[in-house]
Structure formats: structure tokens, C-alpha cells
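J.: Shown below is the structure under consideration.
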Amino acid sequence: MTTSPADPSAESGAPAASGAPGTDGAVAAPTQPTAVEPSGRTPRRQPTPGKAAEDPSFYRAEPVSFVRRGERMTAGQERAWEEMKDELLIDVPRHHASTSILPDAVIDVPGAFEHPEHPLTVEIGSGLGEATAHAATEHPERNFLAVEVYTPGLAKLMEEVRDRGLRNVRVMQANAPEVLDIALKPGQVDELWIFFSDPWHKKRHHKRRLITDAFAERAASVIRPGGTWRLATDWSNYAEQMRQIVADSADFVNLHSGERAGMDSPLTDIRRQEIENREAEPDFVDEIGGWAPRFEGRTLTSFEAKALKAGRNIFDLSARRV
């Protein structure tokens with residue numbers, strides 16, 4: 001993927017404020033003090049329309065689930081990126097943003113692997129690549145595609161791929177919904193993993209969460225019948241939302257429906273504690289359950305270790321594509 005900074009209007013879905021009003025760029029001083037612009041204060045510059053005002057395609061249909069972060073890499077990551085990107089990176093044609101995919105792009109994901117016939121596991125939000133690198137080492141008979149928007153994370157995974165001599169890993173730098181809508185074809189994915197996507201804690205930010213009803217439809221479109229969708233989060237409110245989305249989907253069946261309910265539920269345990277910026281609910285009981293045991297194929301990543309150290313519970317969900 002390209003590493004050039006994205007156009008802010010394209011990444012956020014909102015028009016960017018740029019330029020200044022007026023025909024010659026000069027700002028006229030007020031002739032006398034007013035209640036709106038007191039004497040001595042520079043008149044407030046009025047915003048001007050961004051690119052989306054002229055071309056609606058600059059608007060994203062949905063808010064992205066990530067925020068832009070620094071792209072600074074260590075020297076080792078820079079070396080790995082330069083050495084391995086031509087081999088591992090599935091480069092995609094861009095639309096307006098540096099993480100977008102051109103809507104009519106034709107991308108052959110299986111064809112990027114040495115053995116395109118092998119089952120494909122896709123990890124969305126692969127972070128530093130710990131889970132993908134571990135699983136690819138353990139299962140050379142499977143192909144693994146790591147999807148991530150942050151260059152340093154992909155470069156770190158490239159380091160691991162190089163050092164472990166892995167031949168069954170490829171990476172893609174793109175916005176997840178667009179990967180499912182454009183890059184992947186129906187039934188291409190054997191397993192889809194989404195571990196610890198941003199929970200967007202504040203209620204007003206929940207619209208940014210990756211796992212939604214619309215995302216479940218996208219997942220169903222690329223996972224083969226009988227394939228598996230695996231989810232994990234360390235935030236109970238997000239876990240409940242994920243569980244409900246799986247339950248509401250006609251395309252998936254919770255592989256552990258009814259399991260780990262009541263006092264065996266990690267949700268019962270966490271709600272009875274004063275944690276996650278909420279008061280304890282000593283009488284709460286999760287009567288629904290449906291939580292999967294911890295996925296044994298997921299190595300303990302640095303992020304999950306920090307969550308456990310902070311006293312948070314891990315919620316796993318596994319669903320089968322019907």
C-alpha cells in the first residue's frame with residue numbers, strides 16, 4: 001500500500017476546511033467595534049467547502065472505524081518494509097484516500113499466494129501481526145491475509161515473516177469494509193478473524209465500531225458456507241453488541257449458543273465488578289451466554305496481555321456461515 005498521508009476529507013468522511021474567503025485573500029479590518037467582532041480581535045475566518053462539496057464521491061458511505069496514527073517506523077521495520085513489500089504486499093488501486101480501494105478494482109487475492117488452492121484465513125486489524133505470524137507458522141497448509149491500515153504494524157509482521165521464513169502470508173493496507181466489498185470475492189474466505197477492534201467506548205462514537213449488522217452482511221458475502229467468523233474483544237458492551245449481531249444474522253449460527261451463561265459467563269463476572277468506567281452491578285446475571293472458549297489458535301498478543309493485566313475479561317465469539 002502507499003504510505004502517503006490521506007486527504008483528511010476522504011478519511012473522515014467530512015469535507016475539509018481549506019482556503020480563505022474573499023477574492024484577493026485580504027481581510028478587511030472592521031470600521032468600528034461590534035458585539036460580534038470586538039475591537040482588536042481578528043475577524044473569524046469562514047470555512048470554505050472541501051472536495052466533497054464538488055464531488056460527492058469524496059464522502060465515505062460510512063464512518064471509518066480507525067483514526068489516523070503516526071506512521072513512524074523503527075529502522076528494522078523500514079528495512080523489512082523495503083525488503084519484503086514487493087513480495088508480501090497486495091497493492092490495490094486507490095480511490096480518494098490512502099486506505100481506500102477503487103470501487104471497480106479487480107483484485108486476485110488467492111493468486112497472490114504460492115498455493116492459491118489452500119484455505120484462506122483473513123485477519124482484519126492485524127495490529128503488529130502477532131496472531132497472523134503465529135498461526136501461519138503453525139499451519140503452513142493454510143494461507144493468511146493480514147489487513148491493517150497502519151504501516152508500522154504491517155512492517156513488523158513483515159519482519160516476522162522474513163525471520164520465520166514464512167511463505168503463506170500476504171498483507172493488504174486498506175479499510176476493512178472495502179476489502180470485503182471489493183478485494184475479496186464470494187466464498188473465498190475459510191475463516192475471518194477480528195480480534196480486539198477499537199471498542200469506541202463513548203456512546204456517541206458507537207457508530208464507528210467495526211462490527212455492525214452491515215458488516216455481518218459483508219462477512220457473510222465472503223466467508224464460504226461452513227466457514228468460521230471469529231471475534232474477540234475485551235470490552236463487555238461491545239461484546240454484547242457483537243453477540244446480538246451474530247444472533248440477528250440469518251447468515252450465521254453461534255457455535256456456542258447458550259454456553260457459558262449464568263455464573264459461568266465472563267459477562268456476569270465483569271458486570272459485578274467496578275471496572276470499565278462503570279459502577280458494579282452485584283445482582284447482574286447473564287442469562288444468554290453464547291461465549292466461545294478462548295480460541296486456542298490465537299497467540300497471546302501484547303494487547304490481550306495488557307487487557308488481562310488491567311483486570312478486563314476477554315470475550316470470544318465463534319459463528320459458522322450457514
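Numbering starts fresh at 1 for the residues of each chain in the C-alpha cells, the chains themselves are lettered A, B, ... in the order given, and ligands are numbered from 1 as they appear.
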Can you tell me which residues surround A:Leu128 at a distance of at most 7 Å, considering only C-alpha atoms, apart from same-chain residues fewer than 2 positions away, and format the answer as number ranges by chain?

T.: A: 126, 130, 153-154, 156-157

J.: Filtering to N, CA and C atoms, could you give me those residues as a CSV table (one decimal), in the first residue's frame?

T.:
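Result went into selection.csv, see below:
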```csv
chain,number,residue,atom,x,y,z
A,126,SER,N,-4.9,-6.5,12.0
A,126,SER,CA,-3.9,-7.5,12.5
A,126,SER,C,-2.9,-6.8,13.4
A,130,GLU,N,1.1,-10.3,15.4
A,130,GLU,CA,1.4,-11.4,16.2
A,130,GLU,C,0.6,-12.7,16.0
A,153,GLY,N,2.7,-1.5,11.7
A,153,GLY,CA,2.2,-2.8,12.1
A,153,GLY,C,2.4,-3.9,11.0
A,154,LEU,N,2.2,-3.5,9.7
A,154,LEU,CA,2.5,-4.4,8.6
A,154,LEU,C,3.9,-4.6,8.5
A,156,LYS,N,6.1,-4.6,10.9
A,156,LYS,CA,6.5,-5.6,12.0
A,156,LYS,C,6.2,-7.0,11.6
A,157,LEU,N,5.0,-7.2,11.0
A,157,LEU,CA,4.6,-8.5,10.5
A,157,LEU,C,5.6,-9.0,9.4
```

J.: Might you pull out every residue within 8 Å of A:Val285, with only C-alpha atoms counted and same-chain residues fewer than 2 positions away left off, and present them as an MDAnalysis selection string?

T.: chainID A and resid 262:263 267:268 283 287

J.: Taking all heavy atoms for each residue, export the selection above as a PDB file, in the first residue's frame.

T.:
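Okay, part_5.pdb is ready:
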```
ATOM      1  N   GLY A 262     -25.096 -17.581  32.873  1.00  0.00           N
ATOM      2  CA  GLY A 262     -25.230 -17.530  34.324  1.00  0.00           C
ATOM      3  C   GLY A 262     -23.931 -17.175  35.012  1.00  0.00           C
ATOM      4  O   GLY A 262     -23.199 -16.281  34.589  1.00  0.00           O
ATOM      5  N   MET A 263     -23.600 -17.910  36.056  1.00  0.00           N
ATOM      6  CA  MET A 263     -22.397 -17.606  36.833  1.00  0.00           C
ATOM      7  C   MET A 263     -21.119 -18.018  36.112  1.00  0.00           C
ATOM      8  O   MET A 263     -20.024 -17.640  36.529  1.00  0.00           O
ATOM      9  CB  MET A 263     -22.476 -18.303  38.197  1.00  0.00           C
ATOM     10  CG  MET A 263     -23.651 -17.851  39.051  1.00  0.00           C
ATOM     11  SD  MET A 263     -23.768 -16.043  39.226  1.00  0.00           S
ATOM     12  CE  MET A 263     -22.248 -15.686  40.108  1.00  0.00           C
ATOM     13  N   LEU A 267     -19.417 -12.246  31.203  1.00  0.00           N
ATOM     14  CA  LEU A 267     -20.186 -11.013  31.304  1.00  0.00           C
ATOM     15  C   LEU A 267     -20.740 -10.828  32.706  1.00  0.00           C
ATOM     16  O   LEU A 267     -20.715  -9.723  33.265  1.00  0.00           O
ATOM     17  CB  LEU A 267     -21.325 -11.021  30.283  1.00  0.00           C
ATOM     18  CG  LEU A 267     -22.155  -9.747  30.178  1.00  0.00           C
ATOM     19  CD1 LEU A 267     -21.292  -8.553  29.769  1.00  0.00           C
ATOM     20  CD2 LEU A 267     -23.302  -9.934  29.180  1.00  0.00           C
ATOM     21  N   THR A 268     -21.240 -11.903  33.312  1.00  0.00           N
ATOM     22  CA  THR A 268     -21.689 -11.836  34.709  1.00  0.00           C
ATOM     23  C   THR A 268     -20.556 -11.385  35.611  1.00  0.00           C
ATOM     24  O   THR A 268     -20.718 -10.504  36.458  1.00  0.00           O
ATOM     25  CB  THR A 268     -22.207 -13.213  35.166  1.00  0.00           C
ATOM     26  OG1 THR A 268     -23.321 -13.595  34.366  1.00  0.00           O
ATOM     27  CG2 THR A 268     -22.635 -13.179  36.625  1.00  0.00           C
ATOM     28  N   ASP A 283     -26.066  -7.745  41.325  1.00  0.00           N
ATOM     29  CA  ASP A 283     -27.113  -8.736  41.067  1.00  0.00           C
ATOM     30  C   ASP A 283     -27.204  -9.140  39.595  1.00  0.00           C
ATOM     31  O   ASP A 283     -28.092  -9.915  39.218  1.00  0.00           O
ATOM     32  CB  ASP A 283     -28.477  -8.181  41.516  1.00  0.00           C
ATOM     33  CG  ASP A 283     -28.520  -7.906  43.015  1.00  0.00           C
ATOM     34  OD1 ASP A 283     -27.904  -8.683  43.760  1.00  0.00           O
ATOM     35  OD2 ASP A 283     -29.152  -6.911  43.413  1.00  0.00           O
ATOM     36  N   GLU A 287     -28.007 -14.302  31.367  1.00  0.00           N
ATOM     37  CA  GLU A 287     -28.809 -15.496  31.134  1.00  0.00           C
ATOM     38  C   GLU A 287     -28.671 -16.024  29.712  1.00  0.00           C
ATOM     39  O   GLU A 287     -29.179 -17.102  29.403  1.00  0.00           O
ATOM     40  CB  GLU A 287     -30.296 -15.193  31.413  1.00  0.00           C
ATOM     41  CG  GLU A 287     -30.591 -14.685  32.817  1.00  0.00           C
ATOM     42  CD  GLU A 287     -30.464 -15.766  33.877  1.00  0.00           C
ATOM     43  OE1 GLU A 287     -30.165 -16.935  33.502  1.00  0.00           O
ATOM     44  OE2 GLU A 287     -30.639 -15.440  35.063  1.00  0.00           O
TER      45      GLU A 287
END
```

J.: Could you tell me, as a PDB file with N, CA and C atoms, in the first residue's frame, which residues of stretch 99-135 of chain A DSSP assigns to strand (DSSP E or B) when given the backbone?

T.:
```
ATOM      1  N   LEU A 120      -8.083 -20.010   2.945  1.00  0.00           N
ATOM      2  CA  LEU A 120      -7.653 -18.650   3.250  1.00  0.00           C
ATOM      3  C   LEU A 120      -8.239 -18.177   4.581  1.00  0.00           C
ATOM      4  N   THR A 121      -7.364 -17.740   5.468  1.00  0.00           N
ATOM      5  CA  THR A 121      -7.753 -17.065   6.705  1.00  0.00           C
ATOM      6  C   THR A 121      -7.431 -15.591   6.556  1.00  0.00           C
ATOM      7  N   VAL A 122      -8.395 -14.731   6.865  1.00  0.00           N
ATOM      8  CA  VAL A 122      -8.202 -13.284   6.792  1.00  0.00           C
ATOM      9  C   VAL A 122      -8.311 -12.716   8.194  1.00  0.00           C
ATOM     10  N   GLU A 123      -7.265 -12.007   8.628  1.00  0.00           N
ATOM     11  CA  GLU A 123      -7.335 -11.291   9.903  1.00  0.00           C
ATOM     12  C   GLU A 123      -7.464  -9.805   9.609  1.00  0.00           C
ATOM     13  N   ILE A 124      -8.551  -9.211  10.049  1.00  0.00           N
ATOM     14  CA  ILE A 124      -8.780  -7.780   9.873  1.00  0.00           C
ATOM     15  C   ILE A 124      -8.358  -7.059  11.143  1.00  0.00           C
TER      16      ILE A 124
END
```

J.: How many Å separate atom CA of A:Val253 from atom CA of A:Gly226?

T.: 9.9 Å

J.: Report the distance between atom CA of A:Ala247 and atom CA of A:Ala135 in Å, rounded to one decimal place.

T.: 27.7 Å

J.: I'd like the contact shell of A:Ala155 - 10 Å cut-off, only C-alpha atoms, skipping same-chain residues fewer than 6 positions apart - returned as a list of chain:residue names.

T.: A:Met73, A:Thr74, A:Gly76, A:Gln77, A:Glu78, A:Arg79, A:Ala80, A:Trp81, A:Glu82, A:Glu83, A:Met84, A:Lys85, A:Leu128, A:Gly129, A:Val161, A:Val171

J.: So that I have them on file, write out the residues from the current selection with all heavy atoms, as a compact mmCIF listing (two decimals), in the first residue's frame.

T.:
```
# COMPACT_ATOMS: atom_id res chain seq x y z
N MET A 73 8.34 4.46 11.65
CA MET A 73 8.78 3.09 11.82
C MET A 73 10.18 3.04 12.40
O MET A 73 10.96 3.99 12.27
CB MET A 73 8.77 2.36 10.46
CG MET A 73 7.39 2.18 9.87
SD MET A 73 7.41 1.11 8.39
CE MET A 73 8.02 2.26 7.15
N THR A 74 10.50 1.93 13.06
CA THR A 74 11.86 1.72 13.52
C THR A 74 12.74 1.43 12.31
O THR A 74 12.24 1.14 11.21
CB THR A 74 11.93 0.54 14.50
OG1 THR A 74 11.59 -0.67 13.79
CG2 THR A 74 10.94 0.73 15.66
N GLY A 76 14.49 -1.17 11.83
CA GLY A 76 14.25 -2.55 11.42
C GLY A 76 12.98 -2.71 10.61
O GLY A 76 12.94 -3.46 9.64
N GLN A 77 11.94 -1.98 11.02
CA GLN A 77 10.69 -2.04 10.28
C GLN A 77 10.84 -1.43 8.88
O GLN A 77 10.30 -1.95 7.91
CB GLN A 77 9.59 -1.32 11.06
CG GLN A 77 9.16 -2.06 12.32
CD GLN A 77 8.27 -1.23 13.21
OE1 GLN A 77 8.09 -0.02 13.01
NE2 GLN A 77 7.70 -1.86 14.23
N GLU A 78 11.59 -0.35 8.79
CA GLU A 78 11.82 0.27 7.49
C GLU A 78 12.56 -0.69 6.55
O GLU A 78 12.22 -0.80 5.37
CB GLU A 78 12.61 1.56 7.65
CG GLU A 78 11.81 2.71 8.27
CD GLU A 78 12.62 3.99 8.40
OE1 GLU A 78 13.86 3.91 8.21
OE2 GLU A 78 12.03 5.03 8.69
N ARG A 79 13.55 -1.40 7.10
CA ARG A 79 14.29 -2.35 6.28
C ARG A 79 13.37 -3.48 5.81
O ARG A 79 13.40 -3.87 4.64
CB ARG A 79 15.48 -2.93 7.06
CG ARG A 79 16.66 -1.97 7.20
CD ARG A 79 17.90 -2.70 7.67
NE ARG A 79 17.68 -3.32 8.99
CZ ARG A 79 17.93 -2.70 10.15
NH1 ARG A 79 18.39 -1.46 10.15
NH2 ARG A 79 17.73 -3.32 11.29
N ALA A 80 12.56 -4.00 6.76
CA ALA A 80 11.64 -5.08 6.40
C ALA A 80 10.63 -4.64 5.35
O ALA A 80 10.33 -5.39 4.42
CB ALA A 80 10.91 -5.58 7.66
N TRP A 81 10.13 -3.42 5.50
CA TRP A 81 9.16 -2.90 4.53
C TRP A 81 9.77 -2.83 3.13
O TRP A 81 9.17 -3.27 2.16
CB TRP A 81 8.67 -1.52 4.98
CG TRP A 81 7.67 -0.89 4.06
CD1 TRP A 81 7.90 0.01 3.07
CD2 TRP A 81 6.26 -1.14 4.03
NE1 TRP A 81 6.74 0.35 2.43
CE2 TRP A 81 5.71 -0.34 3.00
CE3 TRP A 81 5.42 -1.95 4.78
CZ2 TRP A 81 4.34 -0.34 2.70
CZ3 TRP A 81 4.05 -1.95 4.49
CH2 TRP A 81 3.54 -1.15 3.46
N GLU A 82 10.98 -2.28 3.03
CA GLU A 82 11.62 -2.14 1.73
C GLU A 82 12.00 -3.49 1.14
O GLU A 82 11.91 -3.71 -0.06
CB GLU A 82 12.86 -1.24 1.85
CG GLU A 82 12.53 0.21 2.15
CD GLU A 82 11.58 0.81 1.12
OE1 GLU A 82 11.77 0.54 -0.09
OE2 GLU A 82 10.65 1.54 1.52
N GLU A 83 12.41 -4.42 2.01
CA GLU A 83 12.85 -5.73 1.53
C GLU A 83 11.69 -6.63 1.11
O GLU A 83 11.81 -7.41 0.17
CB GLU A 83 13.67 -6.44 2.62
CG GLU A 83 15.02 -5.81 2.91
CD GLU A 83 15.69 -6.47 4.12
OE1 GLU A 83 15.17 -7.51 4.60
OE2 GLU A 83 16.70 -5.92 4.59
N MET A 84 10.55 -6.51 1.84
CA MET A 84 9.51 -7.51 1.70
C MET A 84 8.23 -7.03 1.03
O MET A 84 7.38 -7.85 0.66
CB MET A 84 9.15 -8.06 3.10
CG MET A 84 10.31 -8.60 3.90
SD MET A 84 11.07 -10.04 3.12
CE MET A 84 9.77 -11.26 3.26
N LYS A 85 8.07 -5.73 0.84
CA LYS A 85 6.78 -5.25 0.36
C LYS A 85 6.45 -5.78 -1.04
O LYS A 85 5.28 -6.07 -1.33
CB LYS A 85 6.73 -3.73 0.38
CG LYS A 85 7.68 -3.03 -0.58
CD LYS A 85 7.54 -1.52 -0.48
CE LYS A 85 8.48 -0.81 -1.44
NZ LYS A 85 8.35 0.67 -1.35
N LEU A 128 0.18 -5.65 15.17
CA LEU A 128 1.59 -5.93 14.95
C LEU A 128 1.82 -7.28 14.27
O LEU A 128 2.96 -7.70 14.08
CB LEU A 128 2.35 -5.89 16.28
CG LEU A 128 2.36 -4.54 17.00
CD1 LEU A 128 3.06 -4.66 18.36
CD2 LEU A 128 3.05 -3.48 16.15
N GLY A 129 0.73 -7.96 13.95
CA GLY A 129 0.85 -9.20 13.20
C GLY A 129 1.16 -10.42 14.04
O GLY A 129 1.46 -11.49 13.49
N VAL A 161 7.66 -12.48 9.22
CA VAL A 161 7.57 -13.37 8.06
C VAL A 161 8.96 -13.67 7.52
O VAL A 161 9.30 -14.83 7.22
CB VAL A 161 6.69 -12.74 6.97
CG1 VAL A 161 6.80 -13.51 5.66
CG2 VAL A 161 5.24 -12.68 7.42
N VAL A 171 -0.15 -9.38 2.90
CA VAL A 171 -0.73 -8.27 3.65
C VAL A 171 -1.43 -7.31 2.70
O VAL A 171 -1.08 -7.21 1.52
CB VAL A 171 0.35 -7.52 4.48
CG1 VAL A 171 1.10 -8.47 5.39
CG2 VAL A 171 1.31 -6.77 3.58
```
